[in-house]
>>> print(open('structure_21.txt').read())   # compact mmCIF, C-alpha atoms
# COMPACT_ATOMS: atom_id res chain seq x y z
CA MET A 1 0.00 0.00 0.00
CA ASP A 2 1.39 3.38 -1.02
CA THR A 3 -0.17 5.27 1.81
CA LYS A 4 2.78 7.63 2.14
CA LEU A 5 2.60 9.28 -1.30
CA GLU A 6 2.69 12.80 -0.09
CA ALA A 7 6.18 14.29 -0.46
CA PHE A 8 6.94 16.35 -3.59
CA GLN A 9 9.45 13.72 -4.72
CA ASP A 10 6.89 10.92 -4.51
CA TYR A 11 5.05 12.45 -7.46
CA TYR A 12 8.07 12.66 -9.79
CA PRO A 13 7.78 10.52 -12.94
CA ASP A 14 9.81 7.30 -12.68
CA ASP A 15 12.35 8.44 -15.30
CA TYR A 16 13.11 11.44 -13.14
CA ALA A 17 13.30 9.60 -9.79
CA HIS A 18 16.98 8.56 -9.89
CA CYS A 19 18.57 11.58 -8.23
CA TYR A 20 21.19 10.73 -5.60
CA GLY A 21 19.78 13.44 -3.37
CA CYS A 22 16.02 13.08 -3.76
CA GLY A 23 15.18 10.20 -6.10
CA ARG A 24 12.96 7.55 -4.54
CA LEU A 25 14.39 5.00 -7.02
CA ASN A 26 18.06 5.65 -6.15
CA GLU A 27 18.75 2.94 -3.59
CA HIS A 28 22.17 4.41 -2.74
CA GLY A 29 20.89 7.96 -2.39
CA MET A 30 19.54 10.13 0.40
CA GLN A 31 15.89 10.08 -0.73
CA ILE A 32 15.04 13.38 0.92
CA LYS A 33 11.36 14.30 1.23
CA SER A 34 9.97 17.82 0.91
CA TYR A 35 6.53 19.09 1.88
CA TRP A 36 4.56 22.32 2.00
CA ASP A 37 4.37 24.06 5.35
CA GLY A 38 2.07 26.98 4.56
CA ASP A 39 3.74 29.10 1.91
CA GLU A 40 7.14 27.62 2.68
CA SER A 41 8.48 24.18 1.88
CA VAL A 42 10.23 22.09 4.47
CA CYS A 43 12.49 19.05 4.56
CA HIS A 44 14.12 17.32 7.50
CA VAL A 45 17.10 15.05 7.02
CA LYS A 46 19.87 13.62 9.19
CA PRO A 47 22.95 13.31 6.99
CA ARG A 48 25.02 10.16 7.20
CA ASP A 49 27.94 10.37 9.62
CA HIS A 50 30.61 10.16 6.93
CA TYR A 51 29.51 13.42 5.29
CA THR A 52 32.09 15.42 7.16
CA GLY A 53 33.89 18.53 5.99
CA GLY A 54 37.64 18.97 6.37
CA MET A 55 37.18 18.82 10.12
CA LYS A 56 35.34 15.89 11.67
CA HIS A 57 32.69 17.90 13.51
CA ILE A 58 31.58 20.03 10.56
CA LEU A 59 29.07 18.95 7.90
CA TYR A 60 30.39 18.63 4.34
CA GLY A 61 29.79 21.83 2.36
CA GLY A 62 29.16 19.86 -0.81
CA LEU A 63 26.36 18.00 0.93
CA ILE A 64 24.85 21.27 2.10
CA ALA A 65 24.84 22.50 -1.52
CA SER A 66 23.32 19.18 -2.61
CA LEU A 67 20.49 19.32 -0.09
CA ILE A 68 19.69 22.92 -0.98
CA ASP A 69 19.69 22.03 -4.69
CA CYS A 70 17.35 19.06 -4.29
CA HIS A 71 14.95 20.82 -1.96
CA ALA A 72 14.86 23.81 -4.32
CA ALA A 73 14.12 21.54 -7.31
CA GLY A 74 11.26 19.90 -5.45
CA THR A 75 9.88 23.24 -4.29
CA ALA A 76 10.05 24.66 -7.82
CA ALA A 77 8.15 21.67 -9.19
CA ALA A 78 5.52 21.79 -6.47
CA ALA A 79 5.09 25.55 -6.88
CA LYS A 80 4.63 25.18 -10.63
CA ALA A 81 2.15 22.36 -10.13
CA ARG A 82 0.22 24.48 -7.67
CA GLU A 83 0.21 27.49 -10.00
CA GLU A 84 -1.07 25.42 -12.90
CA GLY A 85 -3.64 23.60 -10.82
CA ILE A 86 -2.12 20.20 -11.58
CA GLN A 87 -3.79 17.42 -9.64
CA LEU A 88 -0.88 15.67 -7.95
CA ALA A 89 -0.68 11.96 -8.61
CA PRO A 90 2.30 9.63 -9.14
CA GLY A 91 4.16 10.83 -12.23
CA ALA A 92 2.25 14.09 -12.54
CA MET A 93 4.84 16.40 -10.97
CA PRO A 94 6.59 18.80 -13.40
CA ARG A 95 10.34 18.14 -13.78
CA PHE A 96 12.98 20.82 -13.27
CA VAL A 97 16.73 21.04 -13.75
CA THR A 98 19.09 23.44 -12.02
CA ALA A 99 20.39 26.33 -14.10
CA SER A 100 22.36 27.95 -11.29
CA LEU A 101 22.92 27.48 -7.61
CA LYS A 102 24.41 29.89 -5.08
CA VAL A 103 25.18 28.96 -1.51
CA ASP A 104 26.44 31.26 1.25
CA TYR A 105 27.90 29.37 4.19
CA VAL A 106 27.14 31.64 7.14
CA ALA A 107 28.04 29.35 10.05
CA PRO A 108 29.57 25.90 10.51
CA THR A 109 26.92 23.15 10.38
CA PRO A 110 27.38 20.43 13.00
CA VAL A 111 27.38 16.74 12.06
CA GLY A 112 25.25 14.11 13.80
CA VAL A 113 22.11 16.23 13.97
CA GLU A 114 19.01 16.61 11.84
CA VAL A 115 19.05 19.63 9.57
CA GLU A 116 16.02 21.56 8.38
CA LEU A 117 15.64 23.03 4.92
CA ARG A 118 13.12 25.82 4.45
CA GLY A 119 12.26 26.91 0.91
CA LYS A 120 10.57 30.04 -0.40
CA VAL A 121 9.28 30.65 -3.90
CA LEU A 122 10.91 33.92 -4.95
CA GLU A 123 9.68 34.09 -8.56
CA ILE A 124 7.76 32.06 -11.12
CA LYS A 125 8.29 33.31 -14.67
CA GLY A 126 7.12 30.81 -17.25
CA ARG A 127 9.46 27.82 -17.11
CA LYS A 128 11.89 29.64 -14.80
CA VAL A 129 11.36 29.37 -11.06
CA THR A 130 13.64 30.94 -8.46
CA ILE A 131 13.74 29.40 -5.00
CA GLY A 132 15.46 30.55 -1.81
CA VAL A 133 16.44 27.91 0.74
CA ASP A 134 17.76 28.28 4.27
CA LEU A 135 19.49 25.35 5.94
CA LEU A 136 19.17 25.28 9.71
CA ALA A 137 20.74 23.11 12.38
CA GLU A 138 19.85 23.31 16.06
CA GLY A 139 17.56 26.24 15.25
CA LYS A 140 20.29 28.35 13.63
CA VAL A 141 20.62 29.29 9.98
CA CYS A 142 23.93 27.81 8.81
CA ALA A 143 23.64 28.27 5.05
CA LYS A 144 21.53 30.34 2.69
CA GLY A 145 20.96 29.22 -0.88
CA GLN A 146 19.27 30.44 -4.02
CA ALA A 147 18.58 28.38 -7.12
CA LEU A 148 17.26 29.13 -10.57
CA MET A 149 15.32 26.12 -11.79
CA ILE A 150 14.19 25.50 -15.36
CA GLN A 151 11.20 23.32 -16.23
CA ILE A 152 11.99 20.59 -18.74
CA LYS A 153 9.90 21.18 -21.85
CA GLU A 154 8.70 17.62 -22.34
CA THR A 155 7.10 17.59 -18.93
CA VAL A 156 3.67 15.99 -18.82
CA MET B 1 56.44 4.44 1.53
CA ASP B 2 54.68 7.72 0.87
CA THR B 3 56.07 8.23 -2.59
CA LYS B 4 52.84 9.76 -3.93
CA LEU B 5 52.63 12.81 -1.65
CA GLU B 6 52.11 15.32 -4.36
CA ALA B 7 48.45 16.34 -4.62
CA PHE B 8 47.32 19.49 -2.78
CA GLN B 9 45.14 17.40 -0.46
CA ASP B 10 48.06 15.20 0.58
CA TYR B 11 49.57 18.17 2.39
CA TYR B 12 46.48 19.04 4.47
CA PRO B 13 46.97 18.70 8.22
CA ASP B 14 45.41 15.48 9.58
CA ASP B 15 42.66 17.34 11.45
CA TYR B 16 41.55 18.85 8.16
CA ALA B 17 41.74 15.66 6.07
CA HIS B 18 38.25 14.28 6.79
CA CYS B 19 36.31 15.92 3.96
CA TYR B 20 33.92 13.59 2.13
CA GLY B 21 35.02 15.09 -1.15
CA CYS B 22 38.75 15.48 -0.77
CA GLY B 23 39.92 14.18 2.59
CA ARG B 24 42.53 11.46 2.40
CA LEU B 25 41.38 10.19 5.83
CA ASN B 26 37.69 9.83 4.89
CA GLU B 27 37.47 6.18 3.92
CA HIS B 28 33.92 6.59 2.58
CA GLY B 29 34.71 9.70 0.57
CA MET B 30 35.84 10.48 -2.95
CA GLN B 31 39.41 11.46 -2.05
CA ILE B 32 39.85 13.70 -5.08
CA LYS B 33 43.38 14.86 -5.91
CA SER B 34 44.27 18.26 -7.33
CA TYR B 35 47.55 19.39 -8.90
CA TRP B 36 49.05 22.40 -10.58
CA ASP B 37 49.11 22.39 -14.36
CA GLY B 38 50.97 25.60 -15.11
CA ASP B 39 48.93 28.50 -13.73
CA GLU B 40 45.80 26.38 -13.58
CA SER B 41 44.92 23.57 -11.21
CA VAL B 42 43.56 20.29 -12.48
CA CYS B 43 41.74 17.28 -11.03
CA HIS B 44 40.47 14.17 -12.77
CA VAL B 45 37.82 12.00 -11.18
CA LYS B 46 35.36 9.35 -12.34
CA PRO B 47 32.28 9.68 -10.14
CA ARG B 48 30.65 6.54 -8.78
CA ASP B 49 27.82 5.22 -10.92
CA HIS B 50 25.11 5.91 -8.36
CA TYR B 51 25.69 9.67 -8.48
CA THR B 52 22.92 10.20 -10.98
CA GLY B 53 20.67 13.21 -11.34
CA GLY B 54 16.92 12.91 -11.75
CA MET B 55 17.53 11.09 -15.01
CA LYS B 56 19.79 8.04 -15.07
CA HIS B 57 22.21 9.31 -17.71
CA ILE B 58 22.92 12.72 -16.14
CA LEU B 59 25.45 13.35 -13.37
CA TYR B 60 24.07 14.57 -10.04
CA GLY B 61 24.17 18.36 -9.82
CA GLY B 62 24.96 18.23 -6.12
CA LEU B 63 28.03 16.16 -6.87
CA ILE B 64 29.13 18.68 -9.47
CA ALA B 65 28.84 21.44 -6.87
CA SER B 66 30.74 19.27 -4.39
CA LEU B 67 33.63 18.60 -6.78
CA ILE B 68 33.89 22.27 -7.71
CA ASP B 69 33.88 23.23 -4.02
CA CYS B 70 36.62 20.78 -3.06
CA HIS B 71 38.83 21.55 -6.03
CA ALA B 72 38.43 25.28 -5.34
CA ALA B 73 39.37 24.79 -1.69
CA GLY B 74 42.50 22.88 -2.66
CA THR B 75 43.44 25.44 -5.28
CA ALA B 76 42.96 28.31 -2.83
CA ALA B 77 45.20 26.59 -0.29
CA ALA B 78 47.88 25.79 -2.84
CA ALA B 79 47.77 29.31 -4.25
CA LYS B 80 48.15 30.82 -0.79
CA ALA B 81 51.02 28.46 0.02
CA ARG B 82 52.73 29.42 -3.23
CA GLU B 83 52.23 33.13 -2.59
CA GLU B 84 53.68 32.85 0.89
CA GLY B 85 56.54 30.63 -0.17
CA ILE B 86 55.48 27.82 2.15
CA GLN B 87 57.59 24.71 1.68
CA LEU B 88 55.00 21.99 1.10
CA ALA B 89 55.30 19.05 3.44
CA PRO B 90 52.65 16.87 5.10
CA GLY B 91 50.54 19.11 7.33
CA ALA B 92 51.98 22.36 6.02
CA MET B 93 49.15 23.31 3.66
CA PRO B 94 47.00 26.30 4.72
CA ARG B 95 43.38 25.40 5.49
CA PHE B 96 40.42 27.13 3.89
CA VAL B 97 36.65 27.03 4.33
CA THR B 98 34.04 27.99 1.76
CA ALA B 99 32.29 31.31 2.30
CA SER B 100 30.22 31.15 -0.88
CA LEU B 101 29.85 28.92 -3.89
CA LYS B 102 28.12 29.64 -7.20
CA VAL B 103 27.62 27.04 -9.89
CA ASP B 104 26.15 27.58 -13.36
CA TYR B 105 25.07 24.35 -15.01
CA VAL B 106 25.60 25.05 -18.71
CA ALA B 107 25.13 21.57 -20.19
CA PRO B 108 24.11 18.11 -18.93
CA THR B 109 27.10 16.14 -17.60
CA PRO B 110 27.10 12.47 -18.63
CA VAL B 111 27.59 9.69 -16.08
CA GLY B 112 30.11 6.90 -16.46
CA VAL B 113 32.94 9.10 -17.70
CA GLU B 114 35.87 10.84 -16.09
CA VAL B 115 35.35 14.54 -15.50
CA GLU B 116 38.05 17.19 -15.46
CA LEU B 117 38.10 20.16 -13.10
CA ARG B 118 40.21 23.15 -14.08
CA GLY B 119 40.78 25.88 -11.52
CA LYS B 120 41.98 29.46 -11.89
CA VAL B 121 43.06 31.80 -9.14
CA LEU B 122 40.95 34.92 -9.68
CA GLU B 123 42.02 36.93 -6.62
CA ILE B 124 44.09 36.64 -3.48
CA LYS B 125 43.30 39.31 -0.92
CA GLY B 126 44.71 38.50 2.49
CA ARG B 127 42.83 35.50 3.85
CA LYS B 128 40.24 35.68 1.05
CA VAL B 129 40.93 33.75 -2.14
CA THR B 130 38.53 33.59 -5.09
CA ILE B 131 38.76 30.61 -7.41
CA GLY B 132 37.03 29.89 -10.72
CA VAL B 133 36.49 26.26 -11.67
CA ASP B 134 35.27 24.75 -14.94
CA LEU B 135 34.00 21.17 -14.96
CA LEU B 136 34.46 19.38 -18.27
CA ALA B 137 33.29 16.02 -19.58
CA GLU B 138 34.28 14.60 -22.93
CA GLY B 139 36.11 17.85 -23.69
CA LYS B 140 33.08 20.07 -23.14
CA VAL B 141 32.48 22.57 -20.35
CA CYS B 142 29.37 21.35 -18.51
CA ALA B 143 29.47 23.57 -15.42
CA LYS B 144 31.19 26.77 -14.37
CA GLY B 145 31.79 27.55 -10.72
CA GLN B 146 33.18 30.31 -8.57
CA ALA B 147 34.04 30.07 -4.90
CA LEU B 148 35.13 32.52 -2.24
CA MET B 149 37.42 30.72 0.16
CA ILE B 150 38.50 32.03 3.58
CA GLN B 151 41.70 30.93 5.24
CA ILE B 152 41.24 29.61 8.78
CA LYS B 153 43.12 31.87 11.18
CA GLU B 154 44.80 29.19 13.25
CA THR B 155 46.58 27.82 10.21
CA VAL B 156 50.14 26.74 10.82
>>> encode(input="structure_21.txt", output="structure tokens")
Amino acid sequence: MDTKLEAFQDYYPDDYAHCYGCGRLNEHGMQIKSYWDGDESVCHVKPRDHYTGGMKHILYGGLIASLIDCHAAGTAAAAKAREEGIQLAPGAMPRFVTASLKVDYVAPTPVGVEVELRGKVLEIKGRKVTIGVDLLAEGKVCAKGQALMIQIKETV
Amino acid sequence: MDTKLEAFQDYYPDDYAHCYGCGRLNEHGMQIKSYWDGDESVCHVKPRDHYTGGMKHILYGGLIASLIDCHAAGTAAAAKAREEGIQLAPGAMPRFVTASLKVDYVAPTPVGVEVELRGKVLEIKGRKVTIGVDLLAEGKVCAKGQALMIQIKETV
């Protein structure tokens, strides 16, 4: 029984569900799950212990960029679906790719704790959607990201 | 016998060698290696097969950001060492953290092939070093990155 089909990523078409960060069909990946929380999107994830930065107690910056990218892609897709009134069902989610990603690392992120990603839709302009994402750990913003996402034309 | 101590990352102090992307002491990580090639820095790496993007044949964008970040950090450290005339030996490499990272994804990157990272030192201003990195696959630039790296004060 698929009673848990409710995260943005659960509605991606199968051929788009292989992402290491957020693809439900990537058995080696992180399979992050993003949801609406009012006008913002939210994702909670506890990174694996080996995702350390140079120093053992700091989370890997590349992973932080990865999480922000994936959560932004999911938020862009969900925002576009909402704007177009698409009835969400498995496979019905629009697909987006990242055109550009910017991350500002404002404080060290600790390892061994759950991090929270909070996304905001900054602009929807046709196939281009801009998303802002904050990454928080222990209630503190540790990184701020912005991503320009482009909808793939052959989307259902 | 440590006859292969020659990549930038081989000179990082032990307490800074745990990075998932480039730390020689992270047994789960990618352990990328960066070198000078004239005025540019270069790194070759073949990502693991499971680092796919949404679609199976495209490399994960988060991994691309990760590789650019790590290669930029290594290049910043090596550039600073060169500027200061530091004699490279194990542990003698300055340590840097990422302040900001920007990646433009200009073309899909294929999976299953070796990628090349080419770094350029754009500016050295005290403890701040700005690095530009191109990521190429099959001879084509697929992503362009820029990173602002900050030297950690307690560096040897």
>>> residues_around(input="structure_21.txt", residues="B:Ala79", least_positions_apart="6", cutoff="9 Å", atoms="only C-alpha atoms", output="list in words")
Val121, Ile124 and Val129 of chain B
>>> calpha_fit_and_write(input="structure_21.txt", fixed="chain B", moving="chain A", output="PDB file with C-alpha atoms, in the frame of the given file")
ATOM      1  CA  MET A   1      56.552   4.492   1.487  1.00  0.00           C
ATOM      2  CA  ASP A   2      54.679   7.731   0.850  1.00  0.00           C
ATOM      3  CA  THR A   3      56.062   8.265  -2.587  1.00  0.00           C
ATOM      4  CA  LYS A   4      52.831   9.767  -3.884  1.00  0.00           C
ATOM      5  CA  LEU A   5      52.667  12.845  -1.628  1.00  0.00           C
ATOM      6  CA  GLU A   6      52.138  15.337  -4.344  1.00  0.00           C
ATOM      7  CA  ALA A   7      48.467  16.334  -4.597  1.00  0.00           C
ATOM      8  CA  PHE A   8      47.327  19.496  -2.775  1.00  0.00           C
ATOM      9  CA  GLN A   9      45.162  17.389  -0.458  1.00  0.00           C
ATOM     10  CA  ASP A  10      48.086  15.196   0.582  1.00  0.00           C
ATOM     11  CA  TYR A  11      49.598  18.166   2.405  1.00  0.00           C
ATOM     12  CA  TYR A  12      46.500  19.030   4.466  1.00  0.00           C
ATOM     13  CA  PRO A  13      46.972  18.680   8.240  1.00  0.00           C
ATOM     14  CA  ASP A  14      45.410  15.471   9.590  1.00  0.00           C
ATOM     15  CA  ASP A  15      42.651  17.348  11.455  1.00  0.00           C
ATOM     16  CA  TYR A  16      41.563  18.849   8.168  1.00  0.00           C
ATOM     17  CA  ALA A  17      41.740  15.646   6.081  1.00  0.00           C
ATOM     18  CA  HIS A  18      38.235  14.284   6.783  1.00  0.00           C
ATOM     19  CA  CYS A  19      36.305  15.923   3.956  1.00  0.00           C
ATOM     20  CA  TYR A  20      33.917  13.591   2.123  1.00  0.00           C
ATOM     21  CA  GLY A  21      35.019  15.102  -1.164  1.00  0.00           C
ATOM     22  CA  CYS A  22      38.778  15.484  -0.780  1.00  0.00           C
ATOM     23  CA  GLY A  23      39.922  14.183   2.607  1.00  0.00           C
ATOM     24  CA  ARG A  24      42.535  11.442   2.397  1.00  0.00           C
ATOM     25  CA  LEU A  25      41.383  10.185   5.831  1.00  0.00           C
ATOM     26  CA  ASN A  26      37.690   9.843   4.884  1.00  0.00           C
ATOM     27  CA  GLU A  27      37.464   6.183   3.919  1.00  0.00           C
ATOM     28  CA  HIS A  28      33.907   6.601   2.596  1.00  0.00           C
ATOM     29  CA  GLY A  29      34.701   9.709   0.579  1.00  0.00           C
ATOM     30  CA  MET A  30      35.837  10.478  -2.947  1.00  0.00           C
ATOM     31  CA  GLN A  31      39.419  11.463  -2.052  1.00  0.00           C
ATOM     32  CA  ILE A  32      39.867  13.684  -5.085  1.00  0.00           C
ATOM     33  CA  LYS A  33      43.395  14.844  -5.916  1.00  0.00           C
ATOM     34  CA  SER A  34      44.280  18.255  -7.332  1.00  0.00           C
ATOM     35  CA  TYR A  35      47.545  19.378  -8.901  1.00  0.00           C
ATOM     36  CA  TRP A  36      49.059  22.409 -10.589  1.00  0.00           C
ATOM     37  CA  ASP A  37      49.124  22.382 -14.368  1.00  0.00           C
ATOM     38  CA  GLY A  38      50.976  25.614 -15.119  1.00  0.00           C
ATOM     39  CA  ASP A  39      48.943  28.479 -13.718  1.00  0.00           C
ATOM     40  CA  GLU A  40      45.805  26.363 -13.587  1.00  0.00           C
ATOM     41  CA  SER A  41      44.920  23.553 -11.221  1.00  0.00           C
ATOM     42  CA  VAL A  42      43.561  20.276 -12.467  1.00  0.00           C
ATOM     43  CA  CYS A  43      41.742  17.273 -11.043  1.00  0.00           C
ATOM     44  CA  HIS A  44      40.464  14.162 -12.771  1.00  0.00           C
ATOM     45  CA  VAL A  45      37.807  12.000 -11.181  1.00  0.00           C
ATOM     46  CA  LYS A  46      35.334   9.356 -12.330  1.00  0.00           C
ATOM     47  CA  PRO A  47      32.252   9.697 -10.138  1.00  0.00           C
ATOM     48  CA  ARG A  48      30.639   6.568  -8.775  1.00  0.00           C
ATOM     49  CA  ASP A  49      27.802   5.218 -10.909  1.00  0.00           C
ATOM     50  CA  HIS A  50      25.096   5.932  -8.345  1.00  0.00           C
ATOM     51  CA  TYR A  51      25.684   9.696  -8.465  1.00  0.00           C
ATOM     52  CA  THR A  52      22.921  10.212 -10.965  1.00  0.00           C
ATOM     53  CA  GLY A  53      20.674  13.229 -11.329  1.00  0.00           C
ATOM     54  CA  GLY A  54      16.914  12.923 -11.742  1.00  0.00           C
ATOM     55  CA  MET A  55      17.518  11.096 -14.997  1.00  0.00           C
ATOM     56  CA  LYS A  56      19.793   8.063 -15.054  1.00  0.00           C
ATOM     57  CA  HIS A  57      22.205   9.316 -17.711  1.00  0.00           C
ATOM     58  CA  ILE A  58      22.912  12.709 -16.145  1.00  0.00           C
ATOM     59  CA  LEU A  59      25.454  13.357 -13.377  1.00  0.00           C
ATOM     60  CA  TYR A  60      24.069  14.567 -10.039  1.00  0.00           C
ATOM     61  CA  GLY A  61      24.159  18.370  -9.813  1.00  0.00           C
ATOM     62  CA  GLY A  62      24.944  18.224  -6.113  1.00  0.00           C
ATOM     63  CA  LEU A  63      28.029  16.167  -6.873  1.00  0.00           C
ATOM     64  CA  ILE A  64      29.118  18.677  -9.490  1.00  0.00           C
ATOM     65  CA  ALA A  65      28.836  21.450  -6.873  1.00  0.00           C
ATOM     66  CA  SER A  66      30.757  19.271  -4.406  1.00  0.00           C
ATOM     67  CA  LEU A  67      33.626  18.598  -6.792  1.00  0.00           C
ATOM     68  CA  ILE A  68      33.896  22.266  -7.723  1.00  0.00           C
ATOM     69  CA  ASP A  69      33.891  23.229  -4.031  1.00  0.00           C
ATOM     70  CA  CYS A  70      36.627  20.769  -3.071  1.00  0.00           C
ATOM     71  CA  HIS A  71      38.842  21.540  -6.035  1.00  0.00           C
ATOM     72  CA  ALA A  72      38.443  25.268  -5.358  1.00  0.00           C
ATOM     73  CA  ALA A  73      39.383  24.790  -1.680  1.00  0.00           C
ATOM     74  CA  GLY A  74      42.502  22.877  -2.650  1.00  0.00           C
ATOM     75  CA  THR A  75      43.452  25.436  -5.287  1.00  0.00           C
ATOM     76  CA  ALA A  76      42.970  28.307  -2.832  1.00  0.00           C
ATOM     77  CA  ALA A  77      45.212  26.600  -0.286  1.00  0.00           C
ATOM     78  CA  ALA A  78      47.892  25.788  -2.833  1.00  0.00           C
ATOM     79  CA  ALA A  79      47.791  29.320  -4.249  1.00  0.00           C
ATOM     80  CA  LYS A  80      48.169  30.818  -0.782  1.00  0.00           C
ATOM     81  CA  ALA A  81      51.026  28.461   0.015  1.00  0.00           C
ATOM     82  CA  ARG A  82      52.731  29.421  -3.217  1.00  0.00           C
ATOM     83  CA  GLU A  83      52.251  33.141  -2.572  1.00  0.00           C
ATOM     84  CA  GLU A  84      53.702  32.870   0.914  1.00  0.00           C
ATOM     85  CA  GLY A  85      56.566  30.657  -0.156  1.00  0.00           C
ATOM     86  CA  ILE A  86      55.499  27.839   2.161  1.00  0.00           C
ATOM     87  CA  GLN A  87      57.598  24.731   1.696  1.00  0.00           C
ATOM     88  CA  LEU A  88      55.013  22.015   1.124  1.00  0.00           C
ATOM     89  CA  ALA A  89      55.299  19.060   3.454  1.00  0.00           C
ATOM     90  CA  PRO A  90      52.649  16.868   5.116  1.00  0.00           C
ATOM     91  CA  GLY A  91      50.538  19.111   7.344  1.00  0.00           C
ATOM     92  CA  ALA A  92      51.973  22.362   6.024  1.00  0.00           C
ATOM     93  CA  MET A  93      49.147  23.288   3.643  1.00  0.00           C
ATOM     94  CA  PRO A  94      47.004  26.283   4.722  1.00  0.00           C
ATOM     95  CA  ARG A  95      43.369  25.373   5.495  1.00  0.00           C
ATOM     96  CA  PHE A  96      40.407  27.113   3.879  1.00  0.00           C
ATOM     97  CA  VAL A  97      36.648  27.018   4.328  1.00  0.00           C
ATOM     98  CA  THR A  98      34.043  27.979   1.756  1.00  0.00           C
ATOM     99  CA  ALA A  99      32.290  31.299   2.281  1.00  0.00           C
ATOM    100  CA  SER A 100      30.215  31.126  -0.891  1.00  0.00           C
ATOM    101  CA  LEU A 101      29.850  28.913  -3.899  1.00  0.00           C
ATOM    102  CA  LYS A 102      28.132  29.627  -7.211  1.00  0.00           C
ATOM    103  CA  VAL A 103      27.618  27.036  -9.900  1.00  0.00           C
ATOM    104  CA  ASP A 104      26.151  27.576 -13.371  1.00  0.00           C
ATOM    105  CA  TYR A 105      25.064  24.349 -15.029  1.00  0.00           C
ATOM    106  CA  VAL A 106      25.607  25.050 -18.723  1.00  0.00           C
ATOM    107  CA  ALA A 107      25.128  21.564 -20.187  1.00  0.00           C
ATOM    108  CA  PRO A 108      24.100  18.129 -18.922  1.00  0.00           C
ATOM    109  CA  THR A 109      27.094  16.152 -17.609  1.00  0.00           C
ATOM    110  CA  PRO A 110      27.099  12.487 -18.630  1.00  0.00           C
ATOM    111  CA  VAL A 111      27.571   9.708 -16.069  1.00  0.00           C
ATOM    112  CA  GLY A 112      30.098   6.888 -16.445  1.00  0.00           C
ATOM    113  CA  VAL A 113      32.923   9.086 -17.696  1.00  0.00           C
ATOM    114  CA  GLU A 114      35.868  10.840 -16.101  1.00  0.00           C
ATOM    115  CA  VAL A 115      35.339  14.534 -15.512  1.00  0.00           C
ATOM    116  CA  GLU A 116      38.034  17.190 -15.471  1.00  0.00           C
ATOM    117  CA  LEU A 117      38.092  20.147 -13.120  1.00  0.00           C
ATOM    118  CA  ARG A 118      40.190  23.146 -14.100  1.00  0.00           C
ATOM    119  CA  GLY A 119      40.772  25.875 -11.516  1.00  0.00           C
ATOM    120  CA  LYS A 120      41.974  29.451 -11.886  1.00  0.00           C
ATOM    121  CA  VAL A 121      43.048  31.801  -9.127  1.00  0.00           C
ATOM    122  CA  LEU A 122      40.952  34.924  -9.678  1.00  0.00           C
ATOM    123  CA  GLU A 123      42.024  36.933  -6.614  1.00  0.00           C
ATOM    124  CA  ILE A 124      44.114  36.624  -3.469  1.00  0.00           C
ATOM    125  CA  LYS A 125      43.298  39.308  -0.904  1.00  0.00           C
ATOM    126  CA  GLY A 126      44.709  38.496   2.506  1.00  0.00           C
ATOM    127  CA  ARG A 127      42.806  35.502   3.864  1.00  0.00           C
ATOM    128  CA  LYS A 128      40.230  35.675   1.055  1.00  0.00           C
ATOM    129  CA  VAL A 129      40.919  33.758  -2.137  1.00  0.00           C
ATOM    130  CA  THR A 130      38.536  33.597  -5.090  1.00  0.00           C
ATOM    131  CA  ILE A 131      38.766  30.617  -7.418  1.00  0.00           C
ATOM    132  CA  GLY A 132      37.015  29.890 -10.713  1.00  0.00           C
ATOM    133  CA  VAL A 133      36.491  26.257 -11.692  1.00  0.00           C
ATOM    134  CA  ASP A 134      35.255  24.744 -14.936  1.00  0.00           C
ATOM    135  CA  LEU A 135      33.999  21.168 -14.976  1.00  0.00           C
ATOM    136  CA  LEU A 136      34.453  19.382 -18.282  1.00  0.00           C
ATOM    137  CA  ALA A 137      33.286  16.022 -19.567  1.00  0.00           C
ATOM    138  CA  GLU A 138      34.266  14.592 -22.939  1.00  0.00           C
ATOM    139  CA  GLY A 139      36.105  17.842 -23.676  1.00  0.00           C
ATOM    140  CA  LYS A 140      33.059  20.070 -23.143  1.00  0.00           C
ATOM    141  CA  VAL A 141      32.480  22.557 -20.351  1.00  0.00           C
ATOM    142  CA  CYS A 142      29.365  21.363 -18.511  1.00  0.00           C
ATOM    143  CA  ALA A 143      29.461  23.567 -15.418  1.00  0.00           C
ATOM    144  CA  LYS A 144      31.187  26.768 -14.378  1.00  0.00           C
ATOM    145  CA  GLY A 145      31.782  27.543 -10.722  1.00  0.00           C
ATOM    146  CA  GLN A 146      33.182  30.311  -8.581  1.00  0.00           C
ATOM    147  CA  ALA A 147      34.041  30.061  -4.903  1.00  0.00           C
ATOM    148  CA  LEU A 148      35.127  32.514  -2.255  1.00  0.00           C
ATOM    149  CA  MET A 149      37.417  30.724   0.167  1.00  0.00           C
ATOM    150  CA  ILE A 150      38.499  32.012   3.570  1.00  0.00           C
ATOM    151  CA  GLN A 151      41.727  30.925   5.258  1.00  0.00           C
ATOM    152  CA  ILE A 152      41.232  29.612   8.780  1.00  0.00           C
ATOM    153  CA  LYS A 153      43.114  31.871  11.177  1.00  0.00           C
ATOM    154  CA  GLU A 154      44.772  29.158  13.238  1.00  0.00           C
ATOM    155  CA  THR A 155      46.476  27.751  10.188  1.00  0.00           C
ATOM    156  CA  VAL A 156      50.094  26.771  10.723  1.00  0.00           C
TER     157      VAL A 156
END
>>> closest_residue(input="structure_21.txt", among="A:Asn26, A:Thr75, A:Ser34, A:Thr52", to="A:Asp10", atoms="only C-alpha atoms")
A:Ser34
>>> interface_residues(input="structure_21.txt", of="chain B", to="chain A", cutoff="6 Å", atoms="only C-alpha atoms", output="list in words")
Asp15, Tyr16, Ala17, His18, Cys19, Tyr20, Tyr51, Thr52, Gly53, Gly54, Met55, Lys56, Gly62, Ser66, Ala99, Ser100, Leu101, Lys102, Val103, Asp104 and Tyr105 of chain B
